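Trainee: One structure, as structure tokens, below. Some questions next.
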Amino acid sequence: MLIIENLHASVKTVNAQDKSNLSILRGLNLQIQPGEVHAIMGPNGSGKSTLSRVLIGDETYTVTQGRILLNNEDLLPLPIEIRAQRGIFLSFQYPVALPGVSNIQFLKTAINHIRAAQGLEPFDAMDLLEQAQQALSRVGLDDSFIQRAVNDGFSGGEKKRNELVQLLLMKPKFAILDEIDSGMDIDALKIVTRCIDDLRKSGTAFLLITHYKRLLEAVQPDRVHLLRDGVIETSGDMALAERIERDGYAGSAA
Amino acid sequence: MNLITLLDTWLPDLGQLNPLQQQALDYLQTHGLPTRRVEHWKYTDMQRFLTSTVLKSIYPLANLQRLLPAQFVEQINTQQGLHASWQARALTTPNFLDGIDALHHLLAPEVLVICVSGEQQLHLFPSHNTPSGLFASAMTLELAENSQLTVFEADQAEQGLCFSQLNIRMAAHSFCQHAWLSSAGGLHVSQLNVEQHVQSEYRGISLAIGGKLCRREHHFNLAGSHAQVQLNTLSLNQQQQHHEMRLAVNHQAPHTRCDLRHHAVADDQAVSNCNGRIHITKAGHQAEGAFISKSLLLSPSAQINTQPELEIYHDQVRCSHGATTSALDEDQRLYLRARGLDEHSANALLLEGFVRHAFDHFANDALSTPLWTQVLAYLKREKNDNQSTVV
């Protein structure tokens, strides 16, 4: 259902003197079916986070070649919010704080935008509150987080759990979890695993970006890919993740 | 035509001038109105706003005593713990601060003094009955020891020019919660002077949302030990509106505290200025002071000027100040859009969050609710450029 074909993407360089674009993705191909979990590993600078940003439609990046299809719809002409409304979700590596915007206000606004795009009525406020409380409980956050400003004053682990709350409530078709395991303790990893397991049963496909196999051991992904220099160098099963963990990226060259 | 030449035509309406009014008139004729060369008028050029049209509209004169319904004072005097009376004004400083101060003394020769004891609530609408014209008011609230006052004050002159001054004198252990609102379309120049004695506490919020011109000064004199002030000011403007918020705290006693927070949003071609000044005297042993200003620019043509100042004459104090000015944060906008909000909705939610943050530290719902109603009206306003709403 998600098809990435020959994807090339670049970003503007930060050097003001140099107006050229820096090419990061250089012909990436990937297919993920509903309910599948794929993991991407790769050395720093290989293009993992760029791939996630390009998938959601971050305008900082320019797609120079290739296609991204979700359920046969070309995503590339669509802006960020429309892609989110179509069911693309990114759990950010560094979620930003929104001072003054309470979690419940944010969830209500976001979910109702997605529902409106799908031709659905706005969520009943009490139902949403109840579901939000359940989601918070599932990720191990107490009810006070419902009224707190989004990610404002949250610890690193709390921010990641708050991303999971949004994931559970939005039930996307395709979710990218960008280093969700960073800053998370072993109990939190079990929570991530449970969330993924529950959602994949209802058809959500996942792309996990990680450096460590401990998350993958818990989740047991369908495929593991090694990304290097903007292309998928090799793909395999958990054995690839174990080889990368044992030999490092340098020792895992195809 | 300028305001000084207009004074002659006003004089018959002012009747017999008392010595202070005569002194004010002399001062005005000698010094005129403050120009931008005067440091504390650096950001506001009064002459620019006193156009011929405005000056013609502010005749005839009116002042508080004539305009306030007589029953307002009578009603106050029927309440236990409140007593109101008119008194002649006197200068609290060696001379007039500037031409505006002199003009205010000329136009409002008397001050309505309200003595407060026990636990009280007051609603003050000093310009409530002045849809247009020139208006000047002076009030003093005298809080007795251990008294508690909740006061809502609004400057609502739709047109013309409105000067208002509120003085609050807080005796030991008194507590005051105060909300001030300027929401109408005229020219507003107002001043709050608070004198605080031992362990008195002032908590206030000031919202400037209206006015072609709105200039608000807040002066606190912390004269008693452990006196503390917490003040939130918020300026929301658009089109060609010009706002200036001035916050000044003078720590004259040990263990005094101030917490000053300013938020501003400027859109279109609006100008928003803020000066936050903390002055700690040699008597301010272990005083604590903080001033923070956060401003949002919604348009490339809007302008924000922020001027934090610290003046400290004691070593054992804790003081801080900071100021930020920016457009809406791109990372925050991206985060919201990645959750399905279109650009317009993402901007609106961030803007509302920014403004709501200004209310976080003011926990009196009765006072903040009417202010928040005005804030929502600003957030939902029609934009001139494309007729789209902001929220």
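Chains: A, B, ... in order of the structure tokens. Residues: from 1 per chain. Ligands: from 1, in order shown.
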Taking only C-alpha atoms into account, produce a table as a Markdown table in which each residue of chain A with an atom at most 9 Å from an atom of chain B appears once, together with its shortest atom pair and the distance in Å to one decimal, ordered by chain and rising number.
Mentor:
| residue | atom | partner | partner_atom | distance |
| --- | --- | --- | --- | --- |
| A:Ile56 | CA | B:Ala338 | CA | 6.8 |
| A:Gly57 | CA | B:Ala338 | CA | 8.4 |
| A:Asp58 | CA | B:Leu334 | CA | 7.5 |
| A:Pro79 | CA | B:Arg337 | CA | 8.8 |
| A:Ile80 | CA | B:Ala338 | CA | 5.6 |
| A:Glu81 | CA | B:Gly340 | CA | 4.2 |
| A:Ile82 | CA | B:Gly340 | CA | 6.5 |
| A:Arg83 | CA | B:Gly340 | CA | 7.7 |
| A:Ala84 | CA | B:Gly340 | CA | 4.9 |
| A:Gln85 | CA | B:Gly340 | CA | 5.3 |
| A:Arg86 | CA | B:Gly340 | CA | 8.8 |
| A:Ile88 | CA | B:Ala338 | CA | 8.3 |
| A:Phe89 | CA | B:Ala338 | CA | 7.1 |
| A:Leu90 | CA | B:Ala338 | CA | 7.3 |
| A:Phe92 | CA | B:Tyr335 | CA | 8.4 |
| A:Pro95 | CA | B:Tyr335 | CA | 7.7 |
| A:Val96 | CA | B:Gln332 | CA | 6.3 |
| A:Ala97 | CA | B:Gln332 | CA | 7.5 |
| A:Leu98 | CA | B:Gln332 | CA | 6.9 |
| A:Pro99 | CA | B:Gly353 | CA | 6.2 |
| A:Gly100 | CA | B:Gly353 | CA | 3.9 |
| A:Val101 | CA | B:Gly353 | CA | 4.7 |
| A:Ser102 | CA | B:Gly353 | CA | 8.1 |
| A:Gln105 | CA | B:Leu349 | CA | 9.0 |
| A:Phe106 | CA | B:Leu349 | CA | 8.1 |
| A:Leu107 | CA | B:Arg339 | CA | 8.9 |
| A:Thr109 | CA | B:Leu341 | CA | 7.6 |
| A:Ala110 | CA | B:Arg339 | CA | 5.7 |
| A:Ile111 | CA | B:Gly340 | CA | 7.7 |
| A:Asn112 | CA | B:Gly340 | CA | 8.9 |
| A:His113 | CA | B:Gly340 | CA | 6.0 |
| A:Ile114 | CA | B:Gly340 | CA | 5.8 |
| A:Ala117 | CA | B:Gly340 | CA | 9.0 |
| A:Ala149 | CA | B:Gly353 | CA | 8.7 |
| A:Gln166 | CA | B:Arg339 | CA | 8.8 |
| A:Met170 | CA | B:Arg339 | CA | 8.8 |
Trainee: Could you pull the residues within 9 Å of Asn21 in chain A, counting only C-alpha atoms, minus those fewer than 6 positions along the same chain, as a list in words?
Mentor: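 What passes the distance filter is Ser10, Val11, Lys12, Thr13 and Thr62 of chain A.
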Trainee: Need the shell around Ala248 in chain B: protein/DNA/RNA residues with any atom at most 6 Å away, counting only C-alpha atoms. Skip same-chain ones fewer than 4 positions apart. Format as a list in words?
Mentor: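 So, after excluding close chain neighbours, the residues are His219, Gly276, Arg277 and Ile278 of chain B.
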Trainee: Selection from above, N, CA and C atoms, as a compact mmCIF listing (two decimals), in the first residue's frame, can you write it?
Mentor:
# COMPACT_ATOMS: atom_id res chain seq x y z
N HIS B 219 3.22 52.02 37.55
CA HIS B 219 4.31 52.35 38.49
C HIS B 219 4.02 51.70 39.84
N GLY B 276 10.15 47.77 30.41
CA GLY B 276 10.04 47.16 31.73
C GLY B 276 11.24 47.56 32.57
N ARG B 277 10.98 48.24 33.67
CA ARG B 277 12.09 48.79 34.45
C ARG B 277 11.99 48.33 35.90
N ILE B 278 13.09 47.76 36.38
CA ILE B 278 13.16 47.36 37.79
C ILE B 278 14.28 48.16 38.43
Trainee: Which of range 26-245 of chain A end up as helix (DSSP H, G or I) when DSSP is run on this backbone - answer as number ranges by chain?
Mentor: A: 48-56, 80-86, 103-117, 125-138, 143-146, 156-170, 186-201, 213-219, 238-245
Trainee: Might you pull out every residue within 9 Å of range 242-251 of chain A, with only C-alpha atoms counted and same-chain residues fewer than 4 positions away left off, and present them as a ChimeraX atom specification?
Mentor: /A:41-43,211-213,226,228,238
Trainee: Could the residues in this selection be saved with C-alpha atoms as a PDB file, in the first residue's frame?
Mentor:
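Produced file out-v9.pdb, reproduced below:
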ATOM      1  CA  MET A  41      18.822   1.196  10.343  1.00  0.00           C
ATOM      2  CA  GLY A  42      21.776   3.119   9.059  1.00  0.00           C
ATOM      3  CA  PRO A  43      24.763   5.225  10.038  1.00  0.00           C
ATOM      4  CA  HIS A 211      19.949   2.315  15.831  1.00  0.00           C
ATOM      5  CA  TYR A 212      19.372  -0.523  18.292  1.00  0.00           C
ATOM      6  CA  LYS A 213      18.059  -4.037  17.992  1.00  0.00           C
ATOM      7  CA  LEU A 226      20.137  -1.003   5.974  1.00  0.00           C
ATOM      8  CA  ARG A 228      23.472   3.943   3.453  1.00  0.00           C
ATOM      9  CA  MET A 238      16.078  -9.805  12.255  1.00  0.00           C
TER      10      MET A 238
END
Trainee: Expressed in Å to a single decimal, how great is the separation between CA of Thr53 in chain B and CA of Lys212 in chain B?
Mentor: 13.4 Å
Trainee: In Å to one decimal, how far is CA of Met184 in chain A from CA of Gly157 in chain A?
Mentor: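 A separation of 5.3 Å between them.
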Trainee: Please report the interatomic distance between CA of Ala366 in chain B and CA of His251 in chain B in Å with one decimal.
Mentor: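 Straight-line distance from CA of Ala366 in chain B to CA of His251 in chain B works out to 29.8 Å.
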Trainee: Check the DSSP output for the backbone and give back, as a ChimeraX atom specification, the residues of range 51-150 of chain B in strand (DSSP E or B).
Mentor: /B:61,82-88,110-116,119-124,134-143,148-150
Trainee: For Leu69 in chain A, work out the shell of residues within 8 Å, counting only C-alpha atoms and skipping chain neighbours fewer than 4 positions away, then give it as a list of chain:residue names.
Mentor: A:Met1, A:Leu2, A:Ile3, A:Ile4, A:Glu73, A:Asp74, A:Leu75
Trainee: Keeping only C-alpha atoms, write the selected residues as a PDB file, in the first residue's frame.
Mentor:
ATOM      1  CA  MET A   1       0.000   0.000   0.000  1.00  0.00           C
ATOM      2  CA  LEU A   2       2.933   2.372   0.606  1.00  0.00           C
ATOM      3  CA  ILE A   3       5.202   2.317  -2.399  1.00  0.00           C
ATOM      4  CA  ILE A   4       8.383   4.339  -2.662  1.00  0.00           C
ATOM      5  CA  GLU A  73      -2.487   7.879  -4.563  1.00  0.00           C
ATOM      6  CA  ASP A  74       0.575   9.968  -5.398  1.00  0.00           C
ATOM      7  CA  LEU A  75       1.525  11.797  -2.191  1.00  0.00           C
TER       8      LEU A  75
END
Trainee: Mind checking which residues fall within 12 Å of Asn6 in chain A, counting only C-alpha atoms, ignoring those fewer than 6 positions away in the same chain, and posting them as a ChimeraX atom specification?
Mentor: /A:25-31,63-69,230-232
Trainee: Tell me, as a PDB file with C-alpha atoms, in the first residue's frame, which residues lie within 10 Å of Leu141 in chain B, counting only C-alpha atoms; anything in the same chain fewer than 2 positions away does not count.
Mentor:
ATOM      1  CA  LEU B  82     -16.460  51.459  51.129  1.00  0.00           C
ATOM      2  CA  HIS B  83     -16.473  55.229  51.295  1.00  0.00           C
ATOM      3  CA  ALA B  84     -16.083  57.602  48.361  1.00  0.00           C
ATOM      4  CA  LEU B 112     -12.336  60.468  43.607  1.00  0.00           C
ATOM      5  CA  VAL B 113     -10.959  58.764  46.698  1.00  0.00           C
ATOM      6  CA  ILE B 114     -12.493  55.444  47.663  1.00  0.00           C
ATOM      7  CA  CYS B 115     -11.517  54.000  51.035  1.00  0.00           C
ATOM      8  CA  VAL B 116     -11.685  50.226  51.213  1.00  0.00           C
ATOM      9  CA  MET B 139      -9.228  57.960  41.251  1.00  0.00           C
ATOM     10  CA  LEU B 143      -6.842  49.911  51.020  1.00  0.00           C
ATOM     11  CA  ALA B 144      -6.905  49.582  54.790  1.00  0.00           C
ATOM     12  CA  LEU B 149      -9.996  44.226  46.931  1.00  0.00           C
ATOM     13  CA  VAL B 151     -11.172  45.605  40.980  1.00  0.00           C
ATOM     14  CA  LEU B 166      -5.759  55.213  39.101  1.00  0.00           C
ATOM     15  CA  ASN B 167      -3.770  55.334  42.321  1.00  0.00           C
ATOM     16  CA  ILE B 168      -3.842  52.412  44.714  1.00  0.00           C
ATOM     17  CA  ARG B 169      -2.415  52.814  48.186  1.00  0.00           C
ATOM     18  CA  MET B 170      -2.056  49.504  49.926  1.00  0.00           C
ATOM     19  CA  VAL B 194       0.528  51.601  43.268  1.00  0.00           C
TER      20      VAL B 194
END
Trainee: Smallest atom-to-atom distance to Ala239 in chain A: which of A:Ser52, A:Gln220, A:Thr204, A:Asn103, using only C-alpha atoms?
Mentor: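 Of all the options, A:Gln220 lies closest to Ala239 in chain A.
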Trainee: Which residue is closest to Glu158 in chain A? Choose from A:Asn71, A:Ser182, A:Thr50, A:Thr60 and count only C-alpha atoms.
Mentor: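 Under the stated criterion, the closest residue is A:Ser182.
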